[in-house]
Amino acid sequence: MTGILPAKAIEAMFASGAIVADRAPDEDQIQPASLDLRLGAKAWRVRASFLPGPDAKLEDKLEKLILHEIDLSKGAVLETNCVYIVRLQEALNLPEELSATANPKSSTGRIDVFTRVITDQGRAFDRVEAGYNGPLYAEISPKTFPVLVREGSRLSQIRFRNGETLINDEDLTEVHNQHTLVSGGNDDDAINNGVQVSIDLKGDGKGSLIGYRAKRHTGVIDVDRKGAQDAEDFWEPLYNRGDATLILDPNEFYILVSQEAVHVPPQYAAEMVPFDPLVGEFRVHYAGFFDPGFGHGTVGGTGSRAVLEVRSHDVPFIVEHGQTVGRLVYEHMQEAPETLYGEGIGSNYQGQALKLSKHFRSKEPVGA
């Protein structure tokens with residue numbers, strides 16, 4: 001059967017040896033359409049990011065780039081703007097028909113930790129070729145906040161697929177007509193090379209909260225602790241000042257929100273991808289996976305919006321309310337998962353509007 005593998009099939013991959021790990025999966029590690037990946041016991045700080053290429057194993061090239069080795073068994077701080085390589089606890093022995101892609105977890109993207117998965121003989125980040133047999137590695141580079149990680153921390157997730165799973169615009173239009181994939185935005189052009197997602201800079205009117213800009217020179221964020229930090233220590237709130245525009249400062253990090261409510265029906269999975277690199281000097285949404293059931297009404301998701309992690313590049317850039325900044329591509333599931341996103345499996349962002357990562361206490365920053 002073609003399609004994205006649901007949780008039940010991922011569980012079976014552990015039993016069959018297609019996924020290999022020294023210990024059993026954590027209780028909440030398998031998500032409706034993806035698997036969280038756990039860090040191993042060692043990290044290596046390296047001089048630069050790299051790919052092994054088609055003729056090499058990662059550790060063969062790693063030896064020439066290591067600056068020092070770090071023990072993660074008791075936890076260690078990864079500093080900003082440094083590059084680290086960590087061997088993951090999960091390795092793969094995929095059958096010929098299965099391939100995979102990886103992405104940062106939502107909570108990882110929302111604290112501006114840039115992480116990508118690498119394979120031996122890898123020619124692209126976050127891509128696992130069909131039939132791959134070998135270890136997995138994470139490249140990690142915190143961009144704004146230093147982070148505390150440890151063996152077993154989960155920063156990335158992987159999604160397995162069998163065959164051609166992508167839904168074309170014609171079929172996606174039918175799905176949208178049946179299930180309303182997005183609502184409340186630019187409805188006249190909702191389906192165009194995927195589902196279009198635009199930015200909300202109006203909020204609830206003048207004076208209302210529309211986003212956050214990350215502060216510099218902050219304390220450390222423990223990636224495994226929920227609600228441990230005060231938001232005002234790490235974030236500057238942004239408000240609607242009446243003109244519904246925002247100037248993105250170069251190399252600053254923002255949390256904003258989509259104008260649209262997003263819906264992923266149970267029999268589909270979605271991924272946020274770049275809209276068009278030619279329309280603006282900024283990057284949106286580091287963490288792209290949307291699981292089946294996100295925004296689904298029966299599991300409390302009605303009105304769920306897409307939170308956007310935004311970083312400008314080399315020049316200041318003005319974004320406007322309603323500007324298209326990303327697109328959701330939808331894929332078929334092999335079958336609907338038995339448990340949907342939001343059904344008691346540690347789903348932190350069901351029913352969300354503008355929301356920071358799980359690491360911050362739920363109260364709004366001072367003055368919001």
# chains A, B, ... in the order shown; residues from 1 in each chain; ligands from 1

call {"tool": "closest_atom_pairs", "arguments": {"of": "region 257-328 of chain A", "to": "region 20-31 of chain A", "cutoff": "12 Å", "atoms": "only C-alpha atoms", "output": "JSON lines"}}
result
{"residue": "A:Ala269", "atom": "CA", "partner": "A:Gln31", "partner_atom": "CA", "distance": 11.7}
{"residue": "A:Phe289", "atom": "CA", "partner": "A:Gln31", "partner_atom": "CA", "distance": 10.9}
{"residue": "A:Phe290", "atom": "CA", "partner": "A:Gln31", "partner_atom": "CA", "distance": 10.6}
{"residue": "A:Asp291", "atom": "CA", "partner": "A:Gln31", "partner_atom": "CA", "distance": 7.9}
{"residue": "A:Pro292", "atom": "CA", "partner": "A:Gln31", "partner_atom": "CA", "distance": 9.5}
{"residue": "A:Gly293", "atom": "CA", "partner": "A:Gln31", "partner_atom": "CA", "distance": 11.2}
{"residue": "A:Phe294", "atom": "CA", "partner": "A:Gln31", "partner_atom": "CA", "distance": 11.9}

call {"tool": "residues_around", "arguments": {"residues": "Gly17 (chain A)", "least_positions_apart": "3", "cutoff": "12 Å", "atoms": "only C-alpha atoms", "output": "PyMOL selection string"}}
result
chain A and resi 10-14+20-22+24+90-95+133-134

call {"tool": "residues_around", "arguments": {"residues": "Arg154 (chain A)", "least_positions_apart": "6", "cutoff": "7 Å", "atoms": "only C-alpha atoms", "output": "list in words"}}
result
Asp36, Leu37, Arg38 and Leu39 of chain A

call {"tool": "select_by_dssp", "arguments": {"residues": "region 66-162 of chain A", "states": "alpha helix (DSSP H)", "output": "list of chain:residue names"}}
result
A:Ser106, A:Ser107, A:Thr108, A:Gly109

call {"tool": "write_last_selection", "arguments": {"atoms": "all heavy atoms", "output": "CSV table (one decimal), in the first residue's frame"}}
result
chain,number,residue,atom,x,y,z
A,106,SER,N,8.2,20.5,16.3
A,106,SER,CA,7.7,21.8,16.4
A,106,SER,C,8.3,22.6,17.5
A,106,SER,O,8.7,23.8,17.3
A,106,SER,CB,6.2,21.7,16.6
A,106,SER,OG,5.5,21.2,15.5
A,107,SER,N,8.5,22.0,18.6
A,107,SER,CA,9.1,22.7,19.8
A,107,SER,C,10.6,23.0,19.5
A,107,SER,O,11.1,24.0,20.1
A,107,SER,CB,9.1,21.8,21.0
A,107,SER,OG,7.7,21.6,21.4
A,108,THR,N,11.3,22.3,18.7
A,108,THR,CA,12.7,22.6,18.3
A,108,THR,C,12.7,23.8,17.4
A,108,THR,O,13.5,24.7,17.6
A,108,THR,CB,13.3,21.4,17.6
A,108,THR,OG1,13.1,20.2,18.3
A,108,THR,CG2,14.8,21.6,17.3
A,109,GLY,N,11.8,23.9,16.4
A,109,GLY,CA,11.8,25.0,15.5
A,109,GLY,C,11.4,26.3,16.2
A,109,GLY,O,12.0,27.4,15.9

call {"tool": "closest_residue", "arguments": {"among": "A:Val113, A:Ala9, A:Val182, A:Leu308", "to": "Val147 (chain A)", "atoms": "only C-alpha atoms"}}
result
A:Val113

call {"tool": "closest_residue", "arguments": {"among": "A:His359, A:Asn162, A:Ser304, A:Leu354", "to": "Ser208 (chain A)", "atoms": "only C-alpha atoms"}}
result
A:Leu354

call {"tool": "residues_around", "arguments": {"residues": "region 159-161 of chain A", "least_positions_apart": "5", "cutoff": "9 Å", "atoms": "only C-alpha atoms", "output": "CSV table (one decimal) with all heavy atoms, in the first residue's frame"}}
result
chain,number,residue,atom,x,y,z
A,2,THR,N,0.6,2.2,-0.9
A,2,THR,CA,1.3,3.4,-0.9
A,2,THR,C,0.8,4.3,0.2
A,2,THR,O,-0.4,4.2,0.7
A,2,THR,CB,1.2,4.2,-2.3
A,2,THR,OG1,-0.2,4.4,-2.5
A,2,THR,CG2,1.7,3.3,-3.4
A,3,GLY,N,1.6,5.3,0.6
A,3,GLY,CA,1.2,6.3,1.6
A,3,GLY,C,2.2,6.4,2.7
A,3,GLY,O,3.1,5.7,2.8
A,4,ILE,N,1.9,7.5,3.5
A,4,ILE,CA,2.7,7.7,4.7
A,4,ILE,C,2.3,6.6,5.8
A,4,ILE,O,1.2,6.3,6.0
A,4,ILE,CB,2.4,9.1,5.3
A,4,ILE,CG1,2.8,10.2,4.3
A,4,ILE,CG2,3.1,9.3,6.6
A,4,ILE,CD1,4.2,10.3,4.0
A,5,LEU,N,3.3,6.1,6.4
A,5,LEU,CA,3.1,5.0,7.4
A,5,LEU,C,2.5,5.6,8.7
A,5,LEU,O,3.1,6.6,9.3
A,5,LEU,CB,4.4,4.2,7.7
A,5,LEU,CG,4.7,3.1,6.8
A,5,LEU,CD1,4.8,3.5,5.4
A,5,LEU,CD2,5.9,2.3,7.3
A,6,PRO,N,1.4,5.0,9.2
A,6,PRO,CA,0.9,5.5,10.5
A,6,PRO,C,1.6,4.9,11.7
A,6,PRO,O,2.5,4.0,11.5
A,6,PRO,CB,-0.6,5.0,10.4
A,6,PRO,CG,-0.5,3.7,9.6
A,6,PRO,CD,0.6,4.0,8.6
A,10,ILE,N,4.7,2.0,12.2
A,10,ILE,CA,6.0,2.3,12.7
A,10,ILE,C,6.4,1.4,13.9
A,10,ILE,O,7.5,1.0,14.0
A,10,ILE,CB,6.0,3.8,13.2
A,10,ILE,CG1,5.9,4.7,11.9
A,10,ILE,CG2,7.4,4.2,13.9
A,10,ILE,CD1,5.7,6.2,12.3
A,33,ALA,N,1.9,10.0,12.6
A,33,ALA,CA,2.5,9.7,11.3
A,33,ALA,C,4.0,9.9,11.3
A,33,ALA,O,4.6,10.2,10.2
A,33,ALA,CB,1.8,10.6,10.2
A,34,SER,N,4.6,9.8,12.4
A,34,SER,CA,6.1,10.1,12.5
A,34,SER,C,6.7,9.5,13.7
A,34,SER,O,5.9,9.1,14.7
A,34,SER,CB,6.4,11.6,12.4
A,34,SER,OG,5.8,12.3,13.6
A,35,LEU,N,8.0,9.4,13.8
A,35,LEU,CA,8.7,8.9,14.9
A,35,LEU,C,9.7,10.0,15.4
A,35,LEU,O,10.5,10.5,14.6
A,35,LEU,CB,9.5,7.7,14.5
A,35,LEU,CG,10.5,7.1,15.5
A,35,LEU,CD1,9.8,6.5,16.7
A,35,LEU,CD2,11.5,6.1,14.9
A,97,GLU,N,11.1,-0.7,-0.6
A,97,GLU,CA,10.0,0.2,-1.0
A,97,GLU,C,9.8,1.4,-0.1
A,97,GLU,O,9.0,2.3,-0.4
A,97,GLU,CB,8.7,-0.6,-1.0
A,97,GLU,CG,8.2,-1.1,0.3
A,97,GLU,CD,8.8,-2.5,0.7
A,97,GLU,OE1,9.8,-2.9,0.1
A,97,GLU,OE2,8.2,-3.0,1.7
A,98,LEU,N,10.6,1.4,1.0
A,98,LEU,CA,10.3,2.5,2.0
A,98,LEU,C,11.5,3.5,1.9
A,98,LEU,O,12.7,3.2,1.9
A,98,LEU,CB,10.3,2.0,3.4
A,98,LEU,CG,9.0,1.2,3.8
A,98,LEU,CD1,9.1,0.9,5.3
A,98,LEU,CD2,7.7,1.9,3.4
A,99,SER,N,11.1,4.8,1.9
A,99,SER,CA,12.0,5.9,2.0
A,99,SER,C,11.5,6.8,3.2
A,99,SER,O,10.5,6.5,3.8
A,99,SER,CB,12.0,6.8,0.8
A,99,SER,OG,10.8,7.3,0.5
A,100,ALA,N,12.2,7.9,3.5
A,100,ALA,CA,11.8,8.7,4.7
A,100,ALA,C,12.3,10.1,4.5
A,100,ALA,O,13.3,10.4,3.8
A,100,ALA,CB,12.4,8.1,6.0
A,101,THR,N,11.7,11.0,5.2
A,101,THR,CA,12.1,12.4,5.3
A,101,THR,C,12.1,12.8,6.8
A,101,THR,O,11.3,12.2,7.6
A,101,THR,CB,11.3,13.4,4.5
A,101,THR,OG1,9.9,13.2,4.9
A,101,THR,CG2,11.4,13.1,3.0
A,102,ALA,N,12.9,13.8,7.2
A,102,ALA,CA,13.0,14.2,8.6
A,102,ALA,C,12.7,15.7,8.6
A,102,ALA,O,12.8,16.4,7.6
A,102,ALA,CB,14.3,13.9,9.2
A,103,ASN,N,12.4,16.2,9.8
A,103,ASN,CA,12.1,17.6,10.1
A,103,ASN,C,12.4,17.8,11.6
A,103,ASN,O,12.3,16.9,12.4
A,103,ASN,CB,10.7,17.9,9.8
A,103,ASN,CG,10.5,18.8,8.6
A,103,ASN,OD1,11.0,20.0,8.6
A,103,ASN,ND2,9.8,18.4,7.6
A,289,PHE,N,6.3,19.3,9.8
A,289,PHE,CA,5.3,18.2,9.8
A,289,PHE,C,4.0,18.6,10.5
A,289,PHE,O,4.0,19.1,11.6
A,289,PHE,CB,5.8,16.9,10.4
A,289,PHE,CG,6.9,16.2,9.6
A,289,PHE,CD1,7.7,15.3,10.2
A,289,PHE,CD2,7.1,16.5,8.3
A,289,PHE,CE1,8.7,14.6,9.5
A,289,PHE,CE2,8.0,15.8,7.5
A,289,PHE,CZ,8.9,14.9,8.1
A,333,MET,N,-2.1,9.0,3.6
A,333,MET,CA,-1.7,8.1,4.6
A,333,MET,C,-2.0,6.7,4.0
A,333,MET,O,-2.9,6.5,3.2
A,333,MET,CB,-2.5,8.2,5.9
A,333,MET,CG,-2.2,9.5,6.6
A,333,MET,SD,-0.5,9.6,7.4
A,333,MET,CE,-0.6,8.2,8.6
A,334,GLN,N,-1.2,5.7,4.4
A,334,GLN,CA,-1.5,4.3,4.1
A,334,GLN,C,-2.9,3.9,4.7
A,334,GLN,O,-3.7,3.3,4.0
A,334,GLN,CB,-0.5,3.3,4.7
A,334,GLN,CG,0.7,3.1,3.9
A,334,GLN,CD,1.5,1.9,4.4
A,334,GLN,OE1,1.4,1.4,5.5
A,334,GLN,NE2,2.4,1.4,3.5

call {"tool": "residues_around", "arguments": {"residues": "region 273-275 of chain A", "least_positions_apart": "3", "cutoff": "6 Å", "atoms": "only C-alpha atoms", "output": "CSV table (one decimal) with all heavy atoms, in the first residue's frame"}}
result
chain,number,residue,atom,x,y,z
A,325,VAL,N,3.2,33.3,2.7
A,325,VAL,CA,4.5,33.0,3.2
A,325,VAL,C,4.9,31.6,3.2
A,325,VAL,O,6.1,31.2,3.4
A,325,VAL,CB,4.7,33.6,4.6
A,325,VAL,CG1,4.6,35.1,4.6
A,325,VAL,CG2,3.7,33.0,5.6
A,326,GLY,N,4.0,30.7,2.9
A,326,GLY,CA,4.3,29.3,2.9
A,326,GLY,C,3.2,28.5,2.2
A,326,GLY,O,2.1,29.1,1.9
A,327,ARG,N,3.4,27.2,2.1
A,327,ARG,CA,2.3,26.3,1.5
A,327,ARG,C,2.4,25.0,2.2
A,327,ARG,O,3.4,24.5,2.6
A,327,ARG,CB,2.4,26.2,0.0
A,327,ARG,CG,3.8,25.7,-0.5
A,327,ARG,CD,4.0,25.9,-2.0
A,327,ARG,NE,5.3,25.5,-2.4
A,327,ARG,CZ,5.7,24.3,-2.8
A,327,ARG,NH1,4.7,23.4,-2.9
A,327,ARG,NH2,6.9,24.0,-3.1

call {"tool": "residues_around", "arguments": {"residues": "Lys202 (chain A)", "least_positions_apart": "5", "cutoff": "8 Å", "atoms": "only C-alpha atoms", "output": "VMD selection string"}}
result
chain A and resid 208 210 240 244 321

call {"tool": "write_last_selection", "arguments": {"atoms": "C-alpha atoms", "output": "PDB file, in the first residue's frame"}}
result
ATOM      1  CA  SER A 208      -3.312  43.366  20.107  1.00  0.00           C
ATOM      2  CA  ILE A 210       0.641  39.674  16.790  1.00  0.00           C
ATOM      3  CA  ASN A 240      -0.501  45.702  15.992  1.00  0.00           C
ATOM      4  CA  ALA A 244      -0.587  45.671   9.737  1.00  0.00           C
ATOM      5  CA  HIS A 321      -0.903  41.205   6.606  1.00  0.00           C
TER       6      HIS A 321
END

call {"tool": "closest_residue", "arguments": {"among": "A:Ala15, A:Ile247, A:Ala270, A:Leu78", "to": "Phe317 (chain A)", "atoms": "only C-alpha atoms"}}
result
A:Ile247

call {"tool": "closest_residue", "arguments": {"among": "A:Ser49, A:Asn168, A:Phe145, A:Ala76", "to": "Val117 (chain A)", "atoms": "only C-alpha atoms"}}
result
A:Ser49

call {"tool": "closest_residue", "arguments": {"among": "A:Arg116, A:Arg283, A:Lys358, A:Arg123", "to": "Val310 (chain A)", "atoms": "only C-alpha atoms"}}
result
A:Arg283

call {"tool": "closest_residue", "arguments": {"among": "A:Asp120, A:Glu271, A:Asp200, A:Asp224", "to": "Gln323 (chain A)", "atoms": "only C-alpha atoms"}}
result
A:Asp200

call {"tool": "residues_around", "arguments": {"residues": "Gly75 (chain A)", "least_positions_apart": "6", "cutoff": "10 Å", "atoms": "only C-alpha atoms", "output": "list in words"}}
result
Ala41, Leu148, Val149, Arg150, Glu151, Gly152, Ser153 and Asp222 of chain A

call {"tool": "select_by_dssp", "arguments": {"residues": "region 49-170 of chain A", "states": "strand (DSSP E or B)", "output": "compact mmCIF listing (two decimals) with N, CA, C and O atoms, in the first residue's frame"}}
result
# COMPACT_ATOMS: atom_id res chain seq x y z
N ILE A 66 36.32 17.38 13.65
CA ILE A 66 35.99 17.48 15.07
C ILE A 66 36.86 18.51 15.78
O ILE A 66 38.08 18.52 15.64
N LEU A 67 36.21 19.37 16.56
CA LEU A 67 36.92 20.28 17.45
C LEU A 67 37.02 19.70 18.86
O LEU A 67 38.06 19.79 19.49
N HIS A 68 35.91 19.13 19.35
CA HIS A 68 35.98 18.38 20.60
C HIS A 68 34.75 17.50 20.75
O HIS A 68 33.73 17.71 20.09
N GLU A 69 34.87 16.51 21.64
CA GLU A 69 33.79 15.56 21.90
C GLU A 69 33.09 15.92 23.19
O GLU A 69 33.72 16.38 24.15
N ILE A 70 31.76 15.73 23.22
CA ILE A 70 30.95 16.13 24.36
C ILE A 70 30.15 14.93 24.85
O ILE A 70 29.52 14.23 24.05
N ASP A 71 30.16 14.70 26.16
CA ASP A 71 29.41 13.62 26.78
C ASP A 71 27.99 14.12 27.08
O ASP A 71 27.81 15.08 27.83
N ALA A 76 24.45 18.45 28.48
CA ALA A 76 25.48 19.42 28.08
C ALA A 76 24.80 20.58 27.36
O ALA A 76 23.74 20.41 26.73
N VAL A 77 25.40 21.75 27.44
CA VAL A 77 24.88 22.94 26.78
C VAL A 77 25.48 23.05 25.38
O VAL A 77 26.71 22.98 25.22
N LEU A 78 24.62 23.20 24.39
CA LEU A 78 25.05 23.48 23.02
C LEU A 78 24.94 24.98 22.80
O LEU A 78 23.88 25.58 22.98
N VAL A 83 28.21 24.30 15.44
CA VAL A 83 27.64 23.15 14.74
C VAL A 83 28.06 21.88 15.47
O VAL A 83 29.25 21.69 15.77
N TYR A 84 27.08 21.03 15.75
CA TYR A 84 27.31 19.78 16.46
C TYR A 84 26.75 18.62 15.65
O TYR A 84 25.73 18.75 14.96
N ILE A 85 27.41 17.48 15.74
CA ILE A 85 26.93 16.24 15.15
C ILE A 85 26.69 15.24 16.28
O ILE A 85 27.55 15.07 17.16
N VAL A 86 25.52 14.59 16.26
CA VAL A 86 25.19 13.58 17.26
C VAL A 86 24.67 12.34 16.54
O VAL A 86 23.77 12.44 15.68
N ARG A 87 25.24 11.19 16.88
CA ARG A 87 24.67 9.95 16.37
C ARG A 87 23.38 9.67 17.12
O ARG A 87 23.32 9.77 18.35
N LEU A 88 22.33 9.34 16.38
CA LEU A 88 21.02 9.10 16.98
C LEU A 88 20.91 7.66 17.47
O LEU A 88 21.61 6.76 16.99
N GLN A 89 20.01 7.45 18.41
CA GLN A 89 19.82 6.10 18.95
C GLN A 89 19.17 5.16 17.94
O GLN A 89 19.38 3.95 18.00
N GLU A 90 18.39 5.71 17.05
CA GLU A 90 17.71 4.90 16.05
C GLU A 90 18.57 4.75 14.80
O GLU A 90 19.12 5.74 14.30
N ALA A 91 18.68 3.54 14.29
CA ALA A 91 19.27 3.25 12.99
C ALA A 91 18.21 2.58 12.13
O ALA A 91 17.17 2.13 12.65
N LEU A 92 18.46 2.50 10.82
CA LEU A 92 17.45 1.98 9.90
C LEU A 92 17.97 0.82 9.08
O LEU A 92 19.16 0.76 8.74
N ASN A 93 17.07 -0.08 8.78
CA ASN A 93 17.31 -1.17 7.84
C ASN A 93 16.04 -1.29 6.99
O ASN A 93 15.25 -2.21 7.15
N LEU A 98 10.55 1.43 1.03
CA LEU A 98 10.35 2.51 2.00
C LEU A 98 11.47 3.54 1.93
O LEU A 98 12.65 3.20 1.92
N SER A 99 11.08 4.82 1.90
CA SER A 99 12.00 5.94 2.05
C SER A 99 11.51 6.78 3.22
O SER A 99 10.50 6.46 3.85
N ALA A 100 12.23 7.85 3.53
CA ALA A 100 11.84 8.67 4.68
C ALA A 100 12.33 10.10 4.50
O ALA A 100 13.27 10.37 3.75
N THR A 101 11.67 11.01 5.20
CA THR A 101 12.13 12.40 5.32
C THR A 101 12.08 12.79 6.80
O THR A 101 11.33 12.21 7.58
N ALA A 102 12.91 13.75 7.17
CA ALA A 102 12.98 14.21 8.56
C ALA A 102 12.73 15.70 8.63
O ALA A 102 12.83 16.43 7.63
N ASN A 103 12.40 16.16 9.82
CA ASN A 103 12.14 17.57 10.08
C ASN A 103 12.42 17.85 11.55
O ASN A 103 12.30 16.93 12.38
N PRO A 104 12.72 19.08 11.91
CA PRO A 104 12.74 19.42 13.34
C PRO A 104 11.35 19.24 13.94
O PRO A 104 10.34 19.45 13.27
N VAL A 113 16.31 26.31 16.99
CA VAL A 113 17.40 25.34 16.92
C VAL A 113 17.34 24.70 15.54
O VAL A 113 16.38 24.01 15.20
N PHE A 114 18.37 24.93 14.77
CA PHE A 114 18.44 24.42 13.40
C PHE A 114 18.99 23.01 13.45
O PHE A 114 20.14 22.79 13.86
N THR A 115 18.19 22.02 13.09
CA THR A 115 18.65 20.63 13.15
C THR A 115 18.22 19.88 11.90
O THR A 115 17.12 20.09 11.38
N ARG A 116 19.14 19.03 11.40
CA ARG A 116 18.88 18.25 10.20
C ARG A 116 19.41 16.84 10.39
O ARG A 116 20.41 16.64 11.09
N VAL A 117 18.77 15.89 9.76
CA VAL A 117 19.18 14.49 9.86
C VAL A 117 20.06 14.15 8.66
O VAL A 117 19.79 14.56 7.52
N ILE A 118 21.12 13.37 8.91
CA ILE A 118 22.09 12.98 7.88
C ILE A 118 22.25 11.47 7.90
O ILE A 118 22.23 10.84 8.97
N THR A 119 22.41 10.88 6.73
CA THR A 119 22.69 9.46 6.60
C THR A 119 24.09 9.26 6.04
O THR A 119 24.69 10.18 5.46
N ARG A 127 16.84 13.63 4.12
CA ARG A 127 16.32 12.68 3.14
C ARG A 127 16.97 11.33 3.38
O ARG A 127 18.19 11.22 3.48
N VAL A 128 16.14 10.29 3.42
CA VAL A 128 16.63 8.91 3.58
C VAL A 128 16.17 8.14 2.36
O VAL A 128 14.97 8.01 2.10
N ASN A 133 20.20 1.34 4.72
CA ASN A 133 20.61 0.49 5.83
C ASN A 133 21.82 1.14 6.50
O ASN A 133 22.90 1.20 5.91
N GLY A 134 21.62 1.70 7.70
CA GLY A 134 22.74 2.33 8.37
C GLY A 134 22.30 3.26 9.49
O GLY A 134 21.11 3.38 9.81
N PRO A 135 23.26 3.96 10.09
CA PRO A 135 22.96 4.85 11.21
C PRO A 135 22.34 6.17 10.74
O PRO A 135 22.39 6.53 9.56
N LEU A 136 21.79 6.89 11.70
CA LEU A 136 21.28 8.25 11.48
C LEU A 136 22.03 9.20 12.41
O LEU A 136 22.37 8.85 13.54
N TYR A 137 22.27 10.41 11.91
CA TYR A 137 22.94 11.45 12.68
C TYR A 137 22.11 12.73 12.64
O TYR A 137 21.40 12.99 11.65
N ALA A 138 22.24 13.52 13.68
CA ALA A 138 21.62 14.85 13.70
C ALA A 138 22.72 15.90 13.66
O ALA A 138 23.69 15.82 14.42
N GLU A 139 22.55 16.87 12.77
CA GLU A 139 23.34 18.09 12.82
C GLU A 139 22.52 19.11 13.58
O GLU A 139 21.35 19.35 13.24
N ILE A 140 23.11 19.74 14.58
CA ILE A 140 22.38 20.66 15.47
C ILE A 140 23.15 21.97 15.55
O ILE A 140 24.36 21.98 15.80
N SER A 141 22.43 23.08 15.36
CA SER A 141 23.05 24.39 15.49
C SER A 141 22.04 25.37 16.10
O SER A 141 21.18 25.89 15.40
N PRO A 142 22.11 25.61 17.41
CA PRO A 142 21.23 26.62 18.01
C PRO A 142 21.55 28.00 17.45
O PRO A 142 22.72 28.39 17.41
N VAL A 147 21.05 25.83 24.34
CA VAL A 147 20.11 24.82 24.80
C VAL A 147 20.83 23.71 25.55
O VAL A 147 21.98 23.37 25.24
N LEU A 148 20.15 23.18 26.55
CA LEU A 148 20.65 22.03 27.31
C LEU A 148 19.99 20.78 26.75
O LEU A 148 18.76 20.67 26.73
N VAL A 149 20.80 19.84 26.28
CA VAL A 149 20.29 18.58 25.76
C VAL A 149 20.98 17.44 26.50
O VAL A 149 21.98 17.65 27.19
N ARG A 154 14.85 14.63 22.26
CA ARG A 154 14.26 14.44 20.93
C ARG A 154 14.06 15.79 20.26
O ARG A 154 13.20 16.57 20.66
N LEU A 155 14.88 16.05 19.25
CA LEU A 155 14.83 17.32 18.52
C LEU A 155 14.26 17.17 17.12
O LEU A 155 13.77 18.14 16.55
N SER A 156 14.36 15.97 16.55
CA SER A 156 13.95 15.73 15.16
C SER A 156 12.90 14.63 15.12
O SER A 156 12.75 13.85 16.07
N GLN A 157 12.19 14.56 14.00
CA GLN A 157 11.24 13.48 13.78
C GLN A 157 11.37 13.01 12.34
O GLN A 157 11.82 13.76 11.47
N ILE A 158 10.98 11.76 12.11
CA ILE A 158 11.13 11.16 10.79
C ILE A 158 9.78 10.58 10.37
O ILE A 158 9.02 10.06 11.19
N ARG A 159 9.51 10.69 9.07
CA ARG A 159 8.25 10.22 8.49
C ARG A 159 8.59 9.23 7.37
O ARG A 159 9.42 9.54 6.51
N PHE A 160 7.95 8.07 7.40
CA PHE A 160 8.23 7.00 6.44
C PHE A 160 7.14 6.95 5.38
O PHE A 160 5.95 7.12 5.68
N ARG A 161 7.55 6.67 4.13
CA ARG A 161 6.56 6.62 3.04
C ARG A 161 6.85 5.48 2.09
O ARG A 161 8.00 5.09 1.88
N ASN A 162 5.78 4.98 1.53
CA ASN A 162 5.83 3.92 0.54
C ASN A 162 5.26 4.46 -0.77
O ASN A 162 4.08 4.78 -0.85
N LEU A 166 2.26 12.17 -2.71
CA LEU A 166 1.85 13.57 -2.80
C LEU A 166 0.53 13.72 -3.54
O LEU A 166 0.28 13.04 -4.55

call {"tool": "atom_distance", "arguments": {"atom1": "CA of Leu246 (chain A)", "atom2": "CA of Asp112 (chain A)"}}
result
19.4 Å

call {"tool": "atom_distance", "arguments": {"atom1": "CA of Val220 (chain A)", "atom2": "CA of Pro146 (chain A)"}}
result
5.1 Å
